[in-house]
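As stored in query27.txt (compact mmCIF, C-alpha atoms and all ligand atoms):
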```
# COMPACT_ATOMS: atom_id res chain seq x y z
CA MET A 932 10.07 35.34 18.43
CA GLY A 933 9.59 31.92 16.86
CA TYR A 934 7.55 31.33 13.76
CA GLN A 935 4.09 29.86 14.01
CA TYR A 936 4.76 27.54 11.05
CA ASP A 937 7.90 25.78 9.77
CA THR A 938 6.74 25.83 6.17
CA LEU A 939 3.88 27.33 4.22
CA ILE A 940 3.10 26.31 0.65
CA TYR A 941 0.52 28.40 -1.16
CA ASN A 942 -1.31 28.46 -4.50
CA VAL A 943 -2.17 24.77 -4.45
CA ARG A 944 -5.42 22.98 -5.19
CA ILE A 945 -5.79 20.37 -2.51
CA ALA A 946 -7.30 16.95 -3.20
CA SER A 947 -7.85 16.46 0.51
CA MET A 948 -9.77 13.14 0.23
CA GLN A 949 -12.04 14.48 2.98
CA ASN A 950 -15.76 13.99 2.48
CA ASN A 951 -16.64 17.64 1.89
CA GLY A 952 -19.09 17.06 -0.94
CA LEU A 953 -16.63 17.97 -3.69
CA PRO A 954 -14.83 15.47 -5.94
CA TYR A 955 -11.54 14.38 -4.31
CA GLY A 956 -12.49 16.52 -1.29
CA GLU A 957 -11.15 19.51 -3.20
CA LEU A 958 -10.04 22.65 -1.37
CA PRO A 959 -9.54 25.13 -4.21
CA SER A 960 -6.70 27.68 -4.12
CA HIS A 961 -5.34 27.00 -0.66
CA ALA A 962 -2.20 27.25 1.39
CA ILE A 963 -0.96 24.44 3.60
CA ALA A 964 0.99 25.27 6.76
CA LEU A 965 3.30 22.71 8.39
CA LYS A 966 4.63 22.50 11.91
CA ASP A 967 6.66 19.72 13.54
CA GLY A 968 5.99 17.26 10.73
CA LYS A 969 2.24 17.75 10.81
CA ILE A 970 -0.34 19.77 8.94
CA ALA A 971 -0.95 22.83 11.14
CA ALA A 972 -3.42 24.78 9.01
CA LEU A 973 -5.25 24.87 5.69
CA ILE A 974 -5.85 28.44 4.62
CA PRO A 975 -7.77 29.78 1.61
CA CYS A 976 -5.57 31.99 -0.61
CA ASP A 977 -7.41 35.29 -0.24
CA ASN A 978 -6.53 38.77 0.97
CA SER A 979 -5.49 37.55 4.41
CA LEU A 980 -2.69 35.42 2.92
CA SER A 981 -0.01 38.11 3.08
CA GLU A 982 -0.38 38.23 6.87
CA VAL A 983 -0.15 34.45 7.15
CA LEU A 984 3.00 34.36 5.01
CA LYS A 985 4.85 36.35 7.66
CA GLN A 986 4.17 33.65 10.23
CA ALA A 987 6.13 30.94 8.36
CA LYS A 988 9.86 30.35 8.39
CA ASN A 989 9.91 28.93 4.84
CA VAL A 990 7.45 30.02 2.20
CA LEU A 991 6.88 28.44 -1.21
CA ASP A 992 4.68 29.68 -4.05
CA ALA A 993 3.77 26.33 -5.61
CA THR A 994 3.16 27.88 -9.01
CA THR A 995 6.93 28.40 -9.32
CA LEU A 996 7.34 24.61 -9.43
CA ILE A 997 5.64 24.34 -12.80
CA SER A 998 6.48 26.12 -16.01
CA GLN A 999 3.86 28.77 -16.68
CA ASP A 1000 2.64 29.23 -20.22
CA GLU A 1001 2.62 32.96 -21.02
CA ASP A 1002 -0.13 32.73 -23.66
CA GLU A 1003 -2.78 31.45 -21.30
CA GLY A 1004 -3.36 32.40 -17.72
CA GLU A 1005 -5.57 35.21 -16.53
CA ASP A 1006 -8.76 34.10 -18.23
CA GLU A 1007 -8.41 30.51 -17.06
CA GLY A 1008 -9.17 31.59 -13.52
CA ALA A 1009 -7.13 31.62 -10.37
CA ASN A 1010 -6.67 27.84 -10.30
CA ALA A 1011 -5.40 27.39 -13.84
CA LYS A 1012 -1.74 26.91 -12.99
CA HIS A 1013 -1.90 25.77 -9.42
CA PRO A 1014 -0.38 22.35 -8.82
CA TRP A 1015 -2.57 19.73 -7.19
CA LEU A 1016 -1.61 18.60 -3.72
CA LEU A 1017 -2.53 15.04 -2.68
CA PRO A 1018 -1.93 12.90 0.40
CA GLY A 1019 1.21 10.76 0.06
CA PHE A 1020 0.27 7.40 -1.41
CA ILE A 1021 0.04 4.39 0.86
CA ASP A 1022 0.85 0.99 -0.63
CA CYS A 1023 -0.98 -1.16 1.91
CA HIS A 1024 -0.06 -4.64 0.59
CA THR A 1025 3.43 -5.62 -0.60
CA HIS A 1026 5.86 -8.49 -0.28
CA LEU A 1027 8.89 -6.53 -1.43
CA VAL A 1028 11.56 -8.14 0.74
CA TYR A 1029 12.70 -11.39 -0.90
CA GLY A 1030 15.74 -13.15 -2.29
CA GLY A 1031 16.30 -13.61 -6.04
CA ASN A 1032 13.54 -13.01 -8.54
CA ARG A 1033 11.51 -15.10 -10.94
CA ALA A 1034 12.48 -13.66 -14.32
CA GLU A 1035 13.97 -16.97 -15.38
CA GLU A 1036 10.79 -18.74 -14.45
CA PHE A 1037 8.79 -16.19 -16.41
CA GLU A 1038 10.99 -16.97 -19.42
CA MET A 1039 10.60 -20.72 -18.95
CA ARG A 1040 6.86 -20.44 -18.70
CA LEU A 1041 6.63 -18.42 -21.88
CA GLN A 1042 8.80 -20.99 -23.61
CA GLY A 1043 6.18 -23.58 -22.72
CA ALA A 1044 7.36 -25.09 -19.42
CA SER A 1045 4.54 -26.24 -17.11
CA TYR A 1046 4.18 -25.31 -13.44
CA VAL A 1047 5.29 -28.85 -12.58
CA ASP A 1048 8.47 -28.44 -14.67
CA ILE A 1049 9.16 -25.15 -12.94
CA ALA A 1050 8.52 -26.56 -9.46
CA GLN A 1051 10.81 -29.50 -10.22
CA ARG A 1052 13.55 -27.09 -11.23
CA GLY A 1053 13.22 -25.34 -7.88
CA GLY A 1054 10.94 -22.50 -8.97
CA GLY A 1055 7.73 -21.05 -7.59
CA ILE A 1056 7.31 -19.85 -4.03
CA LYS A 1057 9.55 -22.64 -2.74
CA GLY A 1058 12.37 -21.26 -4.90
CA THR A 1059 11.87 -17.80 -3.43
CA VAL A 1060 11.84 -19.26 0.09
CA GLU A 1061 15.13 -21.04 -0.64
CA LYS A 1062 16.76 -17.87 -2.01
CA THR A 1063 15.42 -15.72 0.83
CA ARG A 1064 16.71 -18.11 3.48
CA CYS A 1065 20.15 -17.99 1.84
CA ALA A 1066 20.25 -14.20 1.54
CA ASP A 1067 21.97 -12.26 4.31
CA GLU A 1068 20.45 -9.13 5.81
CA ARG A 1069 22.55 -6.78 3.68
CA THR A 1070 21.64 -8.41 0.37
CA LEU A 1071 17.97 -8.49 1.28
CA ARG A 1072 18.11 -4.84 2.30
CA ASN A 1073 19.88 -3.65 -0.84
CA THR A 1074 17.41 -5.32 -3.19
CA ALA A 1075 14.43 -4.17 -1.11
CA ILE A 1076 15.69 -0.57 -1.19
CA LYS A 1077 15.77 -0.65 -4.99
CA ARG A 1078 12.20 -1.94 -5.14
CA ALA A 1079 10.82 0.45 -2.55
CA LYS A 1080 12.58 3.35 -4.29
CA ARG A 1081 10.45 2.81 -7.41
CA LEU A 1082 7.33 3.22 -5.26
CA CYS A 1083 8.69 6.30 -3.51
CA GLU A 1084 9.44 7.96 -6.85
CA GLU A 1085 5.70 7.95 -7.51
CA GLY A 1086 4.90 9.65 -4.22
CA VAL A 1087 4.40 6.65 -1.95
CA THR A 1088 5.18 7.73 1.62
CA THR A 1089 3.97 4.64 3.54
CA ILE A 1090 4.50 1.01 2.56
CA GLU A 1091 3.26 -2.15 4.21
CA VAL A 1092 5.70 -5.05 3.85
CA LYS A 1093 4.90 -8.67 4.69
CA SER A 1094 7.21 -11.47 5.66
CA GLY A 1095 6.40 -14.94 4.35
CA TYR A 1096 9.37 -16.07 2.27
CA GLY A 1097 11.37 -17.43 5.18
CA LEU A 1098 8.71 -19.40 7.03
CA ASP A 1099 11.31 -20.40 9.62
CA LEU A 1100 11.65 -18.01 12.53
CA ASP A 1101 15.15 -16.72 11.71
CA THR A 1102 14.36 -15.71 8.17
CA GLU A 1103 10.93 -14.31 8.98
CA ALA A 1104 12.45 -12.11 11.69
CA ARG A 1105 15.23 -11.05 9.29
CA MET A 1106 12.70 -10.08 6.63
CA LEU A 1107 10.73 -7.98 9.13
CA ARG A 1108 13.88 -6.24 10.39
CA VAL A 1109 15.00 -5.53 6.82
CA ALA A 1110 11.58 -4.15 5.97
CA LYS A 1111 11.57 -1.79 8.95
CA SER A 1112 15.14 -0.66 8.18
CA LEU A 1113 14.00 0.78 4.82
CA GLU A 1114 12.88 3.80 6.85
CA GLN A 1115 16.57 4.59 7.40
CA HIS A 1116 17.28 4.63 3.67
CA LEU A 1117 14.21 6.18 2.08
CA PRO A 1118 11.70 8.90 3.03
CA VAL A 1119 8.99 6.39 3.83
CA SER A 1120 7.17 4.84 6.81
CA ILE A 1121 7.08 1.06 6.90
CA GLN A 1122 4.33 -1.04 8.44
CA THR A 1123 5.36 -4.67 8.88
CA THR A 1124 3.10 -7.71 8.75
CA TYR A 1125 4.01 -11.23 9.85
CA LEU A 1126 2.81 -13.66 7.16
CA GLY A 1127 4.22 -16.94 8.44
CA ALA A 1128 1.09 -18.66 7.16
CA HIS A 1129 1.95 -17.84 3.54
CA ALA A 1130 2.99 -21.32 2.41
CA LEU A 1131 3.92 -24.63 3.95
CA PRO A 1132 7.69 -24.99 4.39
CA ASN A 1133 9.34 -28.23 3.24
CA GLU A 1134 10.06 -29.20 6.86
CA PHE A 1135 6.29 -29.49 7.47
CA THR A 1136 5.09 -30.99 4.18
CA GLU A 1137 3.52 -33.92 6.02
CA ASP A 1138 2.28 -31.89 8.96
CA PRO A 1139 0.49 -28.64 8.12
CA ASP A 1140 -1.15 -28.48 11.55
CA GLY A 1141 2.28 -28.86 13.11
CA TYR A 1142 3.35 -25.77 11.18
CA ILE A 1143 0.35 -23.86 12.57
CA ASP A 1144 1.42 -25.02 16.06
CA PHE A 1145 4.88 -23.62 15.36
CA ILE A 1146 3.41 -20.28 14.22
CA CYS A 1147 1.09 -19.96 17.23
CA ASN A 1148 3.40 -21.31 19.93
CA GLN A 1149 6.84 -20.16 18.83
CA ALA A 1150 7.00 -17.68 15.96
CA LEU A 1151 4.13 -15.36 16.85
CA PRO A 1152 5.03 -15.01 20.54
CA TYR A 1153 8.63 -14.18 19.59
CA ILE A 1154 7.66 -11.71 16.88
CA ALA A 1155 5.19 -10.01 19.20
CA SER A 1156 7.71 -9.83 22.06
CA GLN A 1157 10.32 -8.22 19.78
CA ASN A 1158 7.79 -5.78 18.26
CA LEU A 1159 8.74 -6.98 14.80
CA ALA A 1160 5.26 -6.79 13.30
CA ASP A 1161 2.37 -4.33 13.28
CA ALA A 1162 -0.11 -6.98 12.07
CA VAL A 1163 -0.53 -10.67 11.25
CA ASP A 1164 -1.70 -12.04 7.90
CA VAL A 1165 -2.72 -15.50 6.61
CA PHE A 1166 -3.09 -16.92 3.10
CA CYS A 1167 -6.46 -18.61 3.52
CA GLU A 1168 -7.07 -20.63 0.37
CA THR A 1169 -7.48 -24.15 -1.01
CA ILE A 1170 -3.76 -24.07 -1.90
CA GLY A 1171 -2.91 -22.16 1.31
CA PHE A 1172 -4.34 -22.68 4.79
CA SER A 1173 -7.83 -23.88 5.73
CA THR A 1174 -10.27 -21.68 7.62
CA SER A 1175 -9.73 -23.68 10.81
CA GLN A 1176 -5.95 -23.27 10.52
CA THR A 1177 -6.45 -19.59 9.71
CA GLU A 1178 -8.67 -19.16 12.77
CA ARG A 1179 -5.97 -20.57 15.03
CA VAL A 1180 -3.50 -17.96 13.75
CA PHE A 1181 -6.07 -15.15 14.11
CA SER A 1182 -6.84 -16.17 17.65
CA SER A 1183 -3.15 -16.32 18.53
CA ALA A 1184 -2.58 -12.88 16.94
CA GLN A 1185 -5.47 -11.50 18.96
CA LYS A 1186 -3.98 -12.94 22.14
CA HIS A 1187 -0.77 -11.01 21.41
CA GLY A 1188 -2.66 -7.80 20.67
CA LEU A 1189 -1.83 -7.79 16.96
CA PRO A 1190 -4.45 -6.75 14.41
CA ILE A 1191 -5.14 -9.14 11.55
CA LYS A 1192 -5.26 -8.95 7.77
CA ALA A 1193 -6.01 -11.80 5.40
CA HIS A 1194 -5.42 -13.02 1.85
CA VAL A 1195 -8.86 -14.46 1.10
CA GLU A 1196 -11.11 -15.52 -1.76
CA GLN A 1197 -8.35 -15.05 -4.36
CA LEU A 1198 -8.88 -18.38 -6.13
CA SER A 1199 -12.03 -19.75 -4.51
CA ASP A 1200 -14.83 -18.78 -2.12
CA SER A 1201 -13.35 -20.41 0.98
CA LYS A 1202 -15.21 -18.14 3.44
CA GLY A 1203 -11.99 -16.64 4.72
CA ALA A 1204 -13.59 -13.18 4.58
CA VAL A 1205 -16.41 -14.28 6.90
CA LEU A 1206 -13.83 -15.50 9.38
CA ALA A 1207 -11.75 -12.33 9.02
CA ALA A 1208 -14.82 -10.19 9.66
CA LYS A 1209 -15.58 -12.22 12.80
CA TYR A 1210 -12.10 -11.32 14.09
CA GLY A 1211 -12.51 -7.63 13.17
CA ALA A 1212 -9.78 -7.78 10.52
CA LEU A 1213 -8.31 -4.51 9.29
CA SER A 1214 -8.58 -5.78 5.73
CA VAL A 1215 -9.43 -8.66 3.45
CA ASP A 1216 -7.21 -8.73 0.40
CA HIS A 1217 -7.73 -10.00 -3.20
CA ILE A 1218 -11.42 -11.11 -2.76
CA GLU A 1219 -12.12 -11.90 -6.43
CA TYR A 1220 -14.32 -14.82 -5.31
CA LEU A 1221 -16.00 -13.02 -2.38
CA ALA A 1222 -19.76 -13.76 -2.31
CA ASP A 1223 -22.07 -10.74 -2.39
CA SER A 1224 -23.98 -12.21 0.56
CA ASP A 1225 -20.84 -12.02 2.78
CA ILE A 1226 -20.27 -8.31 2.14
CA PRO A 1227 -22.62 -6.98 4.89
CA LEU A 1228 -20.38 -8.75 7.43
CA LEU A 1229 -17.38 -6.73 6.20
CA ALA A 1230 -19.41 -3.54 6.44
CA GLN A 1231 -20.33 -4.40 10.05
CA SER A 1232 -16.78 -5.20 11.11
CA GLY A 1233 -15.35 -2.06 9.45
CA THR A 1234 -13.02 -4.22 7.37
CA VAL A 1235 -11.41 -2.65 4.29
CA ALA A 1236 -11.56 -4.52 0.97
CA VAL A 1237 -8.09 -4.40 -0.58
CA LEU A 1238 -8.13 -4.85 -4.37
CA LEU A 1239 -4.95 -6.11 -6.02
CA PRO A 1240 -5.35 -5.69 -9.76
CA GLY A 1241 -1.66 -6.45 -10.41
CA ALA A 1242 -2.09 -10.08 -9.36
CA PHE A 1243 -5.39 -10.32 -11.24
CA TYR A 1244 -3.61 -9.11 -14.38
CA TYR A 1245 -0.48 -11.18 -13.94
CA LEU A 1246 -2.39 -14.41 -13.35
CA SER A 1247 -4.77 -13.67 -16.25
CA GLU A 1248 -7.63 -14.06 -13.78
CA VAL A 1249 -11.12 -13.52 -15.13
CA GLN A 1250 -13.23 -13.51 -11.95
CA LYS A 1251 -13.49 -9.88 -10.80
CA PRO A 1252 -13.97 -8.70 -7.22
CA PRO A 1253 -17.60 -7.73 -6.42
CA VAL A 1254 -17.01 -3.99 -6.74
CA ASN A 1255 -20.65 -3.00 -7.22
CA ALA A 1256 -21.77 -4.86 -4.12
CA LEU A 1257 -18.88 -3.46 -2.07
CA ARG A 1258 -19.88 0.01 -3.20
CA ALA A 1259 -23.54 -0.62 -2.40
CA HIS A 1260 -22.61 -1.60 1.18
CA ASN A 1261 -20.14 1.28 1.60
CA VAL A 1262 -17.23 -1.06 2.24
CA PRO A 1263 -14.10 1.06 1.71
CA MET A 1264 -11.98 -0.23 -1.16
CA ALA A 1265 -8.20 0.16 -1.05
CA ILE A 1266 -5.78 -0.41 -3.93
CA ALA A 1267 -2.28 -1.82 -3.57
CA THR A 1268 0.49 -3.21 -5.77
CA ASP A 1269 0.86 -6.61 -4.03
CA PHE A 1270 4.48 -6.18 -5.17
CA ASN A 1271 5.88 -9.75 -5.06
CA PRO A 1272 8.17 -11.88 -7.21
CA GLY A 1273 5.60 -14.44 -8.40
CA SER A 1274 2.11 -13.12 -9.07
CA SER A 1275 2.59 -9.35 -9.09
CA PRO A 1276 6.06 -7.94 -9.81
CA LEU A 1277 4.45 -4.49 -9.96
CA ALA A 1278 6.56 -1.61 -8.67
CA SER A 1279 4.02 1.10 -9.42
CA ILE A 1280 1.09 2.28 -7.33
CA LEU A 1281 -0.07 4.56 -10.16
CA THR A 1282 -0.26 1.58 -12.51
CA ALA A 1283 -2.18 -0.36 -9.86
CA MET A 1284 -4.67 2.54 -9.74
CA ASN A 1285 -5.00 2.56 -13.51
CA MET A 1286 -5.54 -1.21 -13.52
CA SER A 1287 -8.22 -0.91 -10.84
CA CYS A 1288 -10.10 1.47 -13.15
CA VAL A 1289 -9.58 -0.51 -16.37
CA LEU A 1290 -9.94 -4.03 -14.97
CA PHE A 1291 -12.33 -3.49 -12.03
CA GLN A 1292 -14.23 -0.35 -13.20
CA LEU A 1293 -13.34 1.84 -10.25
CA THR A 1294 -13.63 5.55 -10.87
CA PRO A 1295 -10.37 7.55 -10.78
CA GLU A 1296 -11.57 9.13 -7.54
CA GLU A 1297 -12.19 5.70 -6.00
CA ALA A 1298 -8.73 4.61 -7.15
CA LEU A 1299 -7.09 7.66 -5.57
CA ARG A 1300 -9.05 7.28 -2.34
CA GLY A 1301 -8.04 3.62 -2.47
CA ALA A 1302 -4.35 4.48 -2.40
CA THR A 1303 -4.70 7.16 0.28
CA VAL A 1304 -7.50 7.33 2.84
CA HIS A 1305 -8.74 3.74 2.53
CA ALA A 1306 -5.22 2.33 2.36
CA ALA A 1307 -4.53 4.08 5.67
CA SER A 1308 -7.59 2.38 7.17
CA ALA A 1309 -6.42 -0.99 5.81
CA LEU A 1310 -3.33 -0.49 7.99
CA GLY A 1311 -5.21 0.88 10.98
CA LEU A 1312 -3.49 4.27 10.60
CA GLN A 1313 -5.59 7.29 11.52
CA ASP A 1314 -2.82 9.87 11.22
CA ARG A 1315 -2.49 9.94 7.42
CA GLY A 1316 -4.24 9.34 4.11
CA ILE A 1317 -6.17 12.61 4.05
CA ILE A 1318 -5.09 16.23 4.05
CA ASP A 1319 -6.44 17.74 7.25
CA VAL A 1320 -5.17 19.66 10.25
CA GLY A 1321 -3.34 17.43 12.72
CA ARG A 1322 -2.46 14.71 10.20
CA LEU A 1323 1.10 13.88 9.21
CA ALA A 1324 2.48 16.25 6.59
CA ASP A 1325 2.95 13.46 4.03
CA PHE A 1326 1.90 14.82 0.65
CA THR A 1327 2.78 15.22 -3.00
CA LEU A 1328 2.46 17.98 -5.61
CA TRP A 1329 1.52 17.28 -9.22
CA ASP A 1330 1.55 19.25 -12.45
CA VAL A 1331 -1.82 18.01 -13.68
CA GLU A 1332 -5.14 19.66 -14.57
CA THR A 1333 -7.15 17.14 -12.56
CA PRO A 1334 -6.25 14.29 -10.16
CA ALA A 1335 -8.04 11.91 -12.56
CA GLU A 1336 -4.97 12.17 -14.83
CA LEU A 1337 -2.98 10.14 -12.32
CA ALA A 1338 -5.28 7.13 -12.71
CA TYR A 1339 -5.87 7.73 -16.41
CA CYS A 1340 -2.25 7.61 -17.57
CA ILE A 1341 0.15 4.70 -17.49
CA ASN A 1342 3.61 5.91 -16.52
CA GLY A 1343 2.63 9.45 -17.43
CA HIS A 1344 3.40 11.28 -14.21
CA ARG A 1345 5.80 11.75 -11.36
CA PRO A 1346 5.24 14.17 -8.49
CA ILE A 1347 6.95 17.55 -8.81
CA ALA A 1348 7.55 17.51 -5.05
CA VAL A 1349 7.17 15.04 -2.19
CA TYR A 1350 6.95 15.95 1.50
CA LYS A 1351 7.45 13.34 4.19
CA GLU A 1352 6.52 14.46 7.71
CA GLY A 1353 6.91 18.08 6.74
CA LYS A 1354 10.27 17.75 5.00
CA HIS A 1355 10.79 18.20 1.28
CA VAL A 1356 12.48 15.00 0.07
ZN ZN A 1401 -0.14 -10.69 -1.14
```
Can you present the structure in this file as structure tokens?
Amino acid sequence: MGYQYDTLIYNVRIASMQNNGLPYGELPSHAIALKDGKIAALIPCDNSLSEVLKQAKNVLDATTLISQDEDEGEDEGANAKHPWLLPGFIDCHTHLVYGGNRAEEFEMRLQGASYVDIAQRGGGIKGTVEKTRCADERTLRNTAIKRAKRLCEEGVTTIEVKSGYGLDLDTEARMLRVAKSLEQHLPVSIQTTYLGAHALPNEFTEDPDGYIDFICNQALPYIASQNLADAVDVFCETIGFSTSQTERVFSSAQKHGLPIKAHVEQLSDSKGAVLAAKYGALSVDHIEYLADSDIPLLAQSGTVAVLLPGAFYYLSEVQKPPVNALRAHNVPMAIATDFNPGSSPLASILTAMNMSCVLFQLTPEEALRGATVHAASALGLQDRGIIDVGRLADFTLWDVETPAELAYCINGHRPIAVYKEGKHV
């Protein structure tokens, strides 16, 4: 007779991220049962456990993963030495496929060079576009694997990756293929986003609307027909694309059945968030300059606010996103690294969580929900981000006393185990 469960892990405290009235959606002293890559059952560790253990092919007592201190124990209660189990982290906003890097530029800037000097020497986003266009698929893949690996080491099991450093169709398609191929090399799911409207390529310097025509009439139809992207994104900003240009891309994305996301209100209140809400965007990202009065529209459209403290830090920004007003209107807040070569070379979701607490005054619980359940919503994924029956068995185990430690420390923790779709990786 077959087993009811493939794997059963017991003696864990689960930070389920469900809304069960307890901090972190805690399920104290539980067992988690896995079947076919999904969570099949969540069972309290009580007297009935011994019967349940017989129904699983593989059984793991999670307390054996951490070194037990002999002096303490009994009187600390049943939970004292149980590892915490959390949903796998979801980094819902990255640009981690690109050619070259900007370390030299960083050096130049700190030696006093101006942005104009750097641009004249081929730096900035145009430099990254140049290097990405020149990079073949293999080179792009190898560097992207290294970057994504850093995230995976911290328990990230889903990563969103945007294009946007090719701008021409060939390179954009190559970036999206490379991004998706990371799934073959690392235990991670990849969600791809077409961000053609990231910057204006040199070929269109005199004709920004012509570039939008190219995106809507050529690039987007091709990308949609080849299933290269799960969503479409636009950099709506004074130094990016106007709201009317942004709207054309949104409307084209909608026509091709692709959900939208948007970089908005990072440097100015351009009303990109209002437009994104009108199109039912999955998320609005950055939003430092978002007006409080526009927040009810996000609440109505079910749009997630994605906070990117890495870029805020790296650009020495001082305008903070309107966290209190977002909270007051129950707009879900997600946290992501925005991993990119220019404004956020941040290969750490845990550091992004810490920064969201220190710089934006999120609570550790908000930060953890931001990198799990709300990050899943920012990608339109209903099958992950919380620990519940029927969801993907993507989760991590941690040797900590409380989940708050993960947001409190900088580079203090790594998971003691990571499971991706039911498999220990
Ligand atoms: Zn970004």
Residues at most 7 Å from ligand ZN 1401 (chain A), using all atoms listed in the file? Could they come as a ChimeraX atom specification? /A:1024-1026,1194,1269
Could you give me, as a ChimeraX atom specification, the residues within 6 Å of Ala1162 of chain A, counting only C-alpha atoms and dropping anything in the same chain fewer than 6 positions from it? /A:1124,1189-1191
With a cut-off of 8 Å, could you pull out the residues of segment 1082-1174 of chain A touching segment 1196-1199 of chain A and give me the nearest pair of atoms for each, distance in Å to one decimal, using all atoms listed in the file, ordered by chain and ascending number, as a Markdown table?
```
| residue | atom | partner | partner_atom | distance |
| --- | --- | --- | --- | --- |
| A:Cys1167 | CA | A:Glu1196 | CA | 7.7 |
| A:Glu1168 | CA | A:Glu1196 | CA | 6.9 |
| A:Thr1169 | CA | A:Ser1199 | CA | 7.2 |
```
Hey, what's within 9 Å of segment 1270-1280 of chain A if we count only C-alpha atoms and toss same-chain stuff fewer than 2 positions away? As an mmCIF file with C-alpha atoms, keeping the file's coordinate frame, please?
```
data_model
loop_
_atom_site.group_PDB
_atom_site.id
_atom_site.type_symbol
_atom_site.label_atom_id
_atom_site.label_comp_id
_atom_site.auth_asym_id
_atom_site.auth_seq_id
_atom_site.Cartn_x
_atom_site.Cartn_y
_atom_site.Cartn_z
ATOM 1 C CA PHE A 1020 0.270 7.400 -1.410
ATOM 2 C CA ILE A 1021 0.040 4.390 0.860
ATOM 3 C CA ASP A 1022 0.850 0.990 -0.630
ATOM 4 C CA HIS A 1024 -0.060 -4.640 0.590
ATOM 5 C CA THR A 1025 3.430 -5.620 -0.600
ATOM 6 C CA HIS A 1026 5.860 -8.490 -0.280
ATOM 7 C CA LEU A 1027 8.890 -6.530 -1.430
ATOM 8 C CA VAL A 1028 11.560 -8.140 0.740
ATOM 9 C CA TYR A 1029 12.700 -11.390 -0.900
ATOM 10 C CA GLY A 1031 16.300 -13.610 -6.040
ATOM 11 C CA ASN A 1032 13.540 -13.010 -8.540
ATOM 12 C CA ARG A 1033 11.510 -15.100 -10.940
ATOM 13 C CA ALA A 1034 12.480 -13.660 -14.320
ATOM 14 C CA PHE A 1037 8.790 -16.190 -16.410
ATOM 15 C CA GLY A 1055 7.730 -21.050 -7.590
ATOM 16 C CA ILE A 1056 7.310 -19.850 -4.030
ATOM 17 C CA THR A 1059 11.870 -17.800 -3.430
ATOM 18 C CA ARG A 1078 12.200 -1.940 -5.140
ATOM 19 C CA ALA A 1079 10.820 0.450 -2.550
ATOM 20 C CA LYS A 1080 12.580 3.350 -4.290
ATOM 21 C CA ARG A 1081 10.450 2.810 -7.410
ATOM 22 C CA LEU A 1082 7.330 3.220 -5.260
ATOM 23 C CA GLU A 1085 5.700 7.950 -7.510
ATOM 24 C CA GLY A 1086 4.900 9.650 -4.220
ATOM 25 C CA VAL A 1087 4.400 6.650 -1.950
ATOM 26 C CA LEU A 1239 -4.950 -6.110 -6.020
ATOM 27 C CA PRO A 1240 -5.350 -5.690 -9.760
ATOM 28 C CA GLY A 1241 -1.660 -6.450 -10.410
ATOM 29 C CA ALA A 1242 -2.090 -10.080 -9.360
ATOM 30 C CA PHE A 1243 -5.390 -10.320 -11.240
ATOM 31 C CA TYR A 1244 -3.610 -9.110 -14.380
ATOM 32 C CA TYR A 1245 -0.480 -11.180 -13.940
ATOM 33 C CA LEU A 1246 -2.390 -14.410 -13.350
ATOM 34 C CA ILE A 1266 -5.780 -0.410 -3.930
ATOM 35 C CA ALA A 1267 -2.280 -1.820 -3.570
ATOM 36 C CA THR A 1268 0.490 -3.210 -5.770
ATOM 37 C CA THR A 1282 -0.260 1.580 -12.510
ATOM 38 C CA ALA A 1283 -2.180 -0.360 -9.860
ATOM 39 C CA MET A 1284 -4.670 2.540 -9.740
ATOM 40 C CA ASN A 1285 -5.000 2.560 -13.510
ATOM 41 C CA ALA A 1302 -4.350 4.480 -2.400
ATOM 42 C CA ASN A 1342 3.610 5.910 -16.520
#
```
Grab the atom CA of Asp977 of chain A to atom CA of Pro954 of chain A distance for me, in Å with one decimal place.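 Separation between atom CA of Asp977 of chain A and atom CA of Pro954 of chain A: 21.9 Å.
Between atom CA of Leu984 of chain A and atom CA of Glu1352 of chain A the interatomic distance comes to 20.4 Å.
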One number please: atom CA of Ala1130 of chain A to atom CA of Asn1148 of chain A, in Å, one decimal.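 Between atom CA of Ala1130 of chain A and atom CA of Asn1148 of chain A the gap works out to 17.5 Å.
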Please identify all polymer residues lying at most 7 Å from the point (13.1, 28.5, 6.9) (file coordinates), using all atoms listed in the file, and present the result as a ChimeraX atom specification. /A:937-938,988-989
Which one is closest to Gly1353 of chain A: A:Leu1337, A:Leu1017, A:Val1195, A:Leu1323? Count only C-alpha atoms.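 With only C-alpha atoms as the atom set, the closest residue is A:Leu1323.
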Got a sec: who's within 7 Å of Gly1301 of chain A, counting only C-alpha atoms, leaving out chain neighbours fewer than 5 positions off, as a VMD selection string? chain A and resid 1264 to 1266 1306
Set the distance at 10 Å and use all atoms listed in the file: which residues neighbour Lys1251 of chain A once local chain neighbours fewer than 2 positions away are removed? I'd like the list as number ranges by chain. A: 1197, 1217-1221, 1238, 1240, 1243, 1248-1249, 1253-1254, 1290-1292
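With all atoms listed in the file as the basis for measurement, A:Ala1128 is the residue among A:Ala1128, A:Ile1154, A:Cys976, A:Ala1193 that approaches Gly1141 of chain A most closely.
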Need the shell around Tyr934 of chain A: protein/DNA/RNA residues with any atom at most 6 Å away, counting all atoms listed in the file. Skip same-chain ones fewer than 2 positions apart. Format as a compact mmCIF listing (two decimals) with C-alpha atoms, keeping the file's coordinate frame?
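Result file part.txt:
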```
# COMPACT_ATOMS: atom_id res chain seq x y z
CA TYR A 936 4.76 27.54 11.05
CA GLN A 986 4.17 33.65 10.23
CA ALA A 987 6.13 30.94 8.36
CA LYS A 988 9.86 30.35 8.39
```
Pick from A:Gly1095, A:Pro959, A:Gly933, A:Gly1343 nearest to Leu1016 of chain A, counting only C-alpha atoms: A:Pro959
